[in-house]
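Participant: Structure supplied as start07.pdb; contents: PDB, C-alpha atoms, pLDDT in the B column.
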```pdb
ATOM      1  CA  MET A  18      56.548 -11.542 -79.961  1.00 55.00           C
ATOM      2  CA  ARG A  19      58.126 -12.545 -83.206  1.00 61.00           C
ATOM      3  CA  GLN A  20      55.162 -14.671 -84.425  1.00 66.00           C
ATOM      4  CA  PRO A  21      52.517 -11.914 -84.190  1.00 68.00           C
ATOM      5  CA  LEU A  22      54.890  -9.596 -86.056  1.00 67.00           C
ATOM      6  CA  ILE A  23      55.337 -12.129 -88.891  1.00 74.00           C
ATOM      7  CA  LEU A  24      51.573 -12.755 -89.104  1.00 68.00           C
ATOM      8  CA  THR A  25      50.911  -9.018 -89.176  1.00 72.00           C
ATOM      9  CA  GLY A  26      53.483  -8.600 -91.990  1.00 69.00           C
ATOM     10  CA  ILE A  27      51.932 -11.408 -94.051  1.00 70.00           C
ATOM     11  CA  LEU A  28      48.440  -9.995 -93.534  1.00 63.00           C
ATOM     12  CA  PHE A  29      49.667  -6.538 -94.574  1.00 64.00           C
ATOM     13  CA  LEU A  30      51.246  -7.937 -97.776  1.00 61.00           C
ATOM     14  CA  LEU A  31      48.084  -9.827 -98.710  1.00 62.00           C
ATOM     15  CA  LEU A  32      45.814  -6.853 -98.163  1.00 62.00           C
ATOM     16  CA  SER A  33      48.058  -4.356 -99.878  1.00 60.00           C
ATOM     17  CA  GLY A  34      48.476  -6.624-102.910  1.00 55.00           C
ATOM     18  CA  CYS A  35      44.731  -6.897-103.432  1.00 52.00           C
ATOM     19  CA  GLN A  36      44.146  -3.158-103.320  1.00 50.00           C
ATOM     20  CA  LYS A  37      46.662  -2.248-106.040  1.00 52.00           C
ATOM     21  CA  HIS A  38      44.781  -3.954-108.899  1.00 50.00           C
ATOM     22  CA  LYS A  39      44.226  -1.430-111.698  1.00 55.00           C
ATOM     23  CA  GLN A  40      41.022  -1.267-113.663  1.00 59.00           C
ATOM     24  CA  THR A  41      41.601  -2.096-117.325  1.00 61.00           C
ATOM     25  CA  ASP A  42      40.878   0.711-119.756  1.00 60.00           C
ATOM     26  CA  TYR A  43      39.130  -0.719-122.815  1.00 60.00           C
ATOM     27  CA  THR A  44      38.719   2.563-124.722  1.00 63.00           C
ATOM     28  CA  PRO A  45      41.698   1.918-127.066  1.00 61.00           C
ATOM     29  CA  LEU A  46      40.162  -1.443-127.984  1.00 55.00           C
ATOM     30  CA  ASP A  47      36.783   0.171-128.596  1.00 59.00           C
ATOM     31  CA  GLN A  48      38.347   2.858-130.776  1.00 58.00           C
ATOM     32  CA  SER A  49      40.201   0.272-132.859  1.00 55.00           C
ATOM     33  CA  GLY A  50      37.013  -1.672-133.574  1.00 56.00           C
ATOM     34  CA  MET A  51      37.581  -4.520-131.103  1.00 55.00           C
ATOM     35  CA  TRP A  52      34.177  -4.878-129.463  1.00 55.00           C
ATOM     36  CA  ALA A  53      32.812  -7.359-126.957  1.00 54.00           C
ATOM     37  CA  SER A  54      31.962  -9.868-129.682  1.00 56.00           C
ATOM     38  CA  SER A  55      35.578  -9.767-130.890  1.00 56.00           C
ATOM     39  CA  LEU A  56      36.747 -10.354-127.340  1.00 55.00           C
ATOM     40  CA  ASP A  57      34.380 -13.327-127.146  1.00 58.00           C
ATOM     41  CA  GLN A  58      35.991 -14.704-130.308  1.00 56.00           C
ATOM     42  CA  LEU A  59      39.405 -14.193-128.758  1.00 53.00           C
ATOM     43  CA  LYS A  60      38.334 -16.102-125.663  1.00 53.00           C
ATOM     44  CA  ALA A  61      36.870 -18.902-127.842  1.00 61.00           C
ATOM     45  CA  ALA A  62      40.144 -19.160-129.732  1.00 50.00           C
ATOM     46  CA  ARG A  63      42.068 -19.437-126.487  1.00 50.00           C
ATOM     47  CA  ASP A  64      39.693 -22.138-125.265  1.00 55.00           C
ATOM     48  CA  HIS A  65      40.516 -24.116-128.407  1.00 52.00           C
ATOM     49  CA  GLN A  66      44.235 -23.806-127.615  1.00 54.00           C
ATOM     50  CA  HIS A  67      45.218 -21.703-130.617  1.00 50.00           C
ATOM     51  CA  GLU A  68      45.929 -18.065-131.259  1.00 54.00           C
ATOM     52  CA  PHE A  69      43.248 -15.689-132.471  1.00 54.00           C
ATOM     53  CA  ASN A  70      44.214 -14.726-135.982  1.00 60.00           C
ATOM     54  CA  SER A  71      40.766 -14.529-137.540  1.00 66.00           C
ATOM     55  CA  ALA A  72      40.313 -10.778-137.533  1.00 77.00           C
ATOM     56  CA  ASP A  73      40.694 -10.423-141.310  1.00 81.00           C
ATOM     57  CA  PRO A  74      38.060 -13.072-142.160  1.00 82.00           C
ATOM     58  CA  ALA A  75      35.694 -11.524-139.595  1.00 81.00           C
ATOM     59  CA  ILE A  76      36.213  -8.089-141.152  1.00 82.00           C
ATOM     60  CA  GLU A  77      35.603  -9.515-144.653  1.00 79.00           C
ATOM     61  CA  LEU A  78      32.338 -11.051-143.489  1.00 77.00           C
ATOM     62  CA  SER A  79      31.304  -7.786-141.869  1.00 79.00           C
ATOM     63  CA  ARG A  80      32.043  -5.822-145.052  1.00 74.00           C
ATOM     64  CA  ALA A  81      30.005  -8.351-147.039  1.00 71.00           C
ATOM     65  CA  GLY A  82      26.979  -7.506-144.912  1.00 74.00           C
ATOM     66  CA  TYR A  83      26.949 -10.327-142.387  1.00 75.00           C
ATOM     67  CA  SER A  84      25.574  -9.526-138.942  1.00 79.00           C
ATOM     68  CA  ASP A  85      27.640  -9.919-135.778  1.00 83.00           C
ATOM     69  CA  GLN A  86      25.585 -12.979-134.821  1.00 82.00           C
ATOM     70  CA  GLN A  87      26.280 -14.633-138.175  1.00 77.00           C
ATOM     71  CA  ILE A  88      29.999 -13.895-137.924  1.00 80.00           C
ATOM     72  CA  LEU A  89      30.098 -15.225-134.383  1.00 81.00           C
ATOM     73  CA  ALA A  90      28.313 -18.430-135.465  1.00 77.00           C
ATOM     74  CA  VAL A  91      30.931 -19.030-138.155  1.00 76.00           C
ATOM     75  CA  ALA A  92      33.734 -18.211-135.700  1.00 79.00           C
ATOM     76  CA  GLN A  93      32.358 -20.608-133.107  1.00 78.00           C
ATOM     77  CA  SER A  94      32.458 -23.401-135.672  1.00 74.00           C
ATOM     78  CA  ASP A  95      36.238 -22.937-135.625  1.00 76.00           C
ATOM     79  CA  GLN A  96      36.166 -22.680-139.440  1.00 75.00           C
ATOM     80  CA  ILE A  97      36.055 -18.925-139.963  1.00 79.00           C
ATOM     81  CA  ASP A  98      39.295 -18.839-141.934  1.00 77.00           C
ATOM     82  CA  MET A  99      38.023 -21.452-144.359  1.00 77.00           C
ATOM     83  CA  LEU A 100      34.401 -20.318-144.645  1.00 78.00           C
ATOM     84  CA  SER A 101      34.777 -16.541-144.816  1.00 79.00           C
ATOM     85  CA  GLY A 102      35.984 -16.499-148.422  1.00 81.00           C
ATOM     86  CA  GLU A 103      33.212 -18.866-149.483  1.00 84.00           C
ATOM     87  CA  ALA A 104      30.568 -16.804-147.701  1.00 82.00           C
ATOM     88  CA  VAL A 105      31.740 -13.562-149.298  1.00 82.00           C
ATOM     89  CA  THR A 106      31.877 -15.209-152.733  1.00 87.00           C
ATOM     90  CA  LEU A 107      28.346 -16.571-152.346  1.00 88.00           C
ATOM     91  CA  LYS A 108      27.136 -13.063-151.546  1.00 85.00           C
ATOM     92  CA  LEU A 109      28.951 -11.677-154.597  1.00 86.00           C
ATOM     93  CA  ILE A 110      27.345 -14.336-156.794  1.00 89.00           C
ATOM     94  CA  GLY A 111      24.045 -12.744-155.875  1.00 89.00           C
ATOM     95  CA  LEU A 112      22.494 -15.320-153.571  1.00 90.00           C
ATOM     96  CA  SER A 113      20.084 -14.122-150.903  1.00 89.00           C
ATOM     97  CA  ASN A 114      21.026 -14.049-147.222  1.00 83.00           C
ATOM     98  CA  PRO A 115      18.868 -17.065-146.257  1.00 85.00           C
ATOM     99  CA  THR A 116      20.401 -19.152-149.044  1.00 89.00           C
ATOM    100  CA  VAL A 117      23.957 -18.190-148.112  1.00 85.00           C
ATOM    101  CA  GLN A 118      23.242 -18.920-144.450  1.00 81.00           C
ATOM    102  CA  ALA A 119      21.799 -22.333-145.354  1.00 86.00           C
ATOM    103  CA  ILE A 120      24.853 -23.215-147.449  1.00 88.00           C
ATOM    104  CA  ILE A 121      27.289 -22.075-144.744  1.00 82.00           C
ATOM    105  CA  ALA A 122      25.272 -23.993-142.128  1.00 83.00           C
ATOM    106  CA  ARG A 123      25.563 -27.155-144.260  1.00 86.00           C
ATOM    107  CA  ARG A 124      29.322 -26.648-144.504  1.00 84.00           C
ATOM    108  CA  ILE A 125      29.626 -26.146-140.745  1.00 81.00           C
ATOM    109  CA  GLN A 126      27.694 -29.387-140.195  1.00 85.00           C
ATOM    110  CA  GLY A 127      29.908 -31.218-142.688  1.00 84.00           C
ATOM    111  CA  LEU A 128      27.062 -31.990-145.109  1.00 87.00           C
ATOM    112  CA  PRO A 129      27.793 -32.269-148.843  1.00 85.00           C
ATOM    113  CA  THR A 130      27.560 -28.864-150.475  1.00 86.00           C
ATOM    114  CA  LEU A 131      28.566 -27.432-153.818  1.00 89.00           C
ATOM    115  CA  THR A 132      31.503 -25.052-153.931  1.00 88.00           C
ATOM    116  CA  SER A 133      30.938 -21.379-154.634  1.00 88.00           C
ATOM    117  CA  GLU A 134      32.580 -21.893-158.032  1.00 90.00           C
ATOM    118  CA  GLN A 135      30.114 -24.644-158.933  1.00 92.00           C
ATOM    119  CA  ILE A 136      27.186 -22.560-157.692  1.00 92.00           C
ATOM    120  CA  GLY A 137      28.352 -19.609-159.790  1.00 91.00           C
ATOM    121  CA  ARG A 138      28.727 -21.770-162.870  1.00 91.00           C
ATOM    122  CA  LEU A 139      25.246 -23.233-162.381  1.00 91.00           C
ATOM    123  CA  LYS A 140      23.831 -19.744-162.006  1.00 91.00           C
ATOM    124  CA  ASN A 141      25.599 -18.686-165.225  1.00 90.00           C
ATOM    125  CA  THR A 142      23.911 -21.549-167.092  1.00 89.00           C
ATOM    126  CA  GLY A 143      20.519 -20.142-166.200  1.00 89.00           C
ATOM    127  CA  LEU A 144      19.524 -22.015-163.044  1.00 90.00           C
ATOM    128  CA  SER A 145      17.576 -19.987-160.538  1.00 92.00           C
ATOM    129  CA  GLU A 146      18.542 -19.694-156.891  1.00 91.00           C
ATOM    130  CA  LYS A 147      15.607 -21.932-155.974  1.00 94.00           C
ATOM    131  CA  GLN A 148      16.789 -24.646-158.378  1.00 93.00           C
ATOM    132  CA  ILE A 149      20.347 -24.429-157.036  1.00 92.00           C
ATOM    133  CA  VAL A 150      19.095 -24.773-153.455  1.00 92.00           C
ATOM    134  CA  ALA A 151      17.042 -27.817-154.490  1.00 93.00           C
ATOM    135  CA  LEU A 152      20.163 -29.455-155.976  1.00 91.00           C
ATOM    136  CA  ILE A 153      22.135 -28.730-152.815  1.00 90.00           C
ATOM    137  CA  ASN A 154      19.379 -30.125-150.602  1.00 90.00           C
ATOM    138  CA  GLU A 155      19.284 -33.281-152.715  1.00 90.00           C
ATOM    139  CA  GLY A 156      22.890 -33.854-151.673  1.00 87.00           C
ATOM    140  CA  LEU A 157      24.414 -33.510-155.120  1.00 87.00           C
ATOM    141  CA  THR A 158      28.057 -34.627-154.939  1.00 84.00           C
ATOM    142  CA  PRO A 159      30.796 -32.484-156.483  1.00 83.00           C
ATOM    143  CA  ALA A 160      31.353 -35.075-159.233  1.00 88.00           C
ATOM    144  CA  GLN A 161      27.636 -35.143-160.089  1.00 91.00           C
ATOM    145  CA  ALA A 162      27.583 -31.357-160.043  1.00 89.00           C
ATOM    146  CA  GLU A 163      30.502 -31.166-162.475  1.00 92.00           C
ATOM    147  CA  THR A 164      28.719 -33.552-164.847  1.00 92.00           C
ATOM    148  CA  GLN A 165      25.534 -31.491-164.714  1.00 91.00           C
ATOM    149  CA  ILE A 166      27.450 -28.234-165.107  1.00 91.00           C
ATOM    150  CA  ALA A 167      29.301 -29.577-168.162  1.00 91.00           C
ATOM    151  CA  LYS A 168      26.015 -30.620-169.804  1.00 92.00           C
ATOM    152  CA  ARG A 169      24.351 -27.290-169.067  1.00 90.00           C
ATOM    153  CA  GLU A 170      27.382 -25.297-170.295  1.00 89.00           C
ATOM    154  CA  ALA A 171      27.550 -27.355-173.497  1.00 87.00           C
ATOM    155  CA  ALA A 172      23.847 -26.791-174.139  1.00 86.00           C
ATOM    156  CA  ARG A 173      24.227 -23.070-173.431  1.00 83.00           C
ATOM    157  CA  ASN A 174      27.295 -22.720-175.649  1.00 81.00           C
ATOM    158  CA  HIS A 175      25.614 -24.461-178.577  1.00 76.00           C
ATOM    159  CA  SER A 176      22.257 -22.768-178.351  1.00 71.00           C
ATOM    160  CA  ASN A 177      21.333 -20.419-181.198  1.00 70.00           C
ATOM    161  CA  THR A 178      24.375 -21.435-183.216  1.00 68.00           C
ATOM    162  CA  GLY A 179      22.481 -22.865-186.174  1.00 66.00           C
ATOM    163  CA  PHE A 180      23.583 -21.805-189.616  1.00 65.00           C
ATOM    164  CA  VAL A 181      21.524 -19.011-191.052  1.00 66.00           C
ATOM    165  CA  ARG A 182      21.825 -18.228-194.714  1.00 68.00           C
ATOM    166  CA  VAL A 183      21.619 -14.598-195.546  1.00 70.00           C
ATOM    167  CA  GLN A 184      19.936 -14.082-198.820  1.00 75.00           C
ATOM    168  CA  GLY A 185      20.357 -10.992-200.765  1.00 71.00           C
ATOM    169  CA  ARG A 186      21.599  -9.593-204.006  1.00 74.00           C
ATOM    170  CA  ARG A 187      25.079 -10.241-205.173  1.00 70.00           C
ATOM    171  CA  ARG A 188      26.995  -7.632-206.968  1.00 68.00           C
TER     172      ARG A 188
END
```
Kindly present the structure from the file in structure tokens form.
Facilitator:
Amino acid sequence: MRQPLILTGILFLLLSGCQKHKQTDYTPLDQSGMWASSLDQLKAARDHQHEFNSADPAIELSRAGYSDQQILAVAQSDQIDMLSGEAVTLKLIGLSNPTVQAIIARRIQGLPTLTSEQIGRLKNTGLSEKQIVALINEGLTPAQAETQIAKREAARNHSNTGFVRVQGRRR
């Protein structure tokens, strides 16, 4: 008599425990701007055994005009904190989306790439975006880039600086 009563009690506890699970209300997350893609990033961060603290870089990328897919690709590389500033800077320099994506993809893959500072300096010396991309694709090292930048800046700074004598009447 005692055994059926114990089994009935255990069965009752198991069944009653399963029925009391509340449905999670995600509306506060939706209202705060935390969408499914952000939750995916959170899950990816947990899978990599570290806390998700990449909301600010993701927001910066979004404000710079990056799509959710592009932001997610950078986040999945586990380098969003490092690459977000570079990506935003490259956009501010005036590079097109395909060029910025190619540069960020090279960085994610660990291929040699110029820094955003070097790219900006090259652009200021008169190189076109196409020429900059060609240099990057050639695998220009940072040291080689600095040498080329120094030469181009020196040439730019000394152009049109020849002495011109103004002739006119003296009083």
Participant: CA of Pro74 in chain A to CA of Glu103 in chain A: how many Å, to one decimal?
Facilitator: 10.5 Å
Participant: Going by the chain IDs and residue numbers used in this file, which residues fall under the PyMOL selection byres ((chain A and resi 98) around 9)? Write them as a list in words.
Facilitator: Asn70, Ser71, Asp73, Pro74, Ala75, Ala92, Asp95, Gln96, Ile97, Met99, Leu100, Ser101 and Gly102 of chain A
Participant: Once the PyMOL selection byres ((chain A and resi 164-168) around 12) has been applied to the shown file, what residues remain in the selection, as an MDAnalysis selection string?
Facilitator: chainID A and resid 131 134:144 149 152 157:163 169:175
Participant: Counting all atoms listed in the file, which residue out of A:Leu107, A:Val150, A:Ala90, A:Ile27 sits closest to Ile125 in chain A?
Facilitator: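 Nearest to Ile125 in chain A: A:Ala90.
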Participant: Give as a ChimeraX atom specification the residues that the PyMOL selection byres ((chain A and resi 108) around 12) matches when applied to the coordinates above.
Facilitator: /A:77-83,101-107,109-118,120-121,133,136-137
Participant: So how far away is CA of Gln86 in chain A from CA of Arg123 in chain A, in Å?
Facilitator: 17.0 Å
Participant: So the first atom is CA of Asn154 in chain A and the second is CA of Ala119 in chain A; what is the distance between them in Å, to one decimal place?
Facilitator: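 Interatomic distance, CA of Asn154 in chain A to CA of Ala119 in chain A: 9.7 Å.
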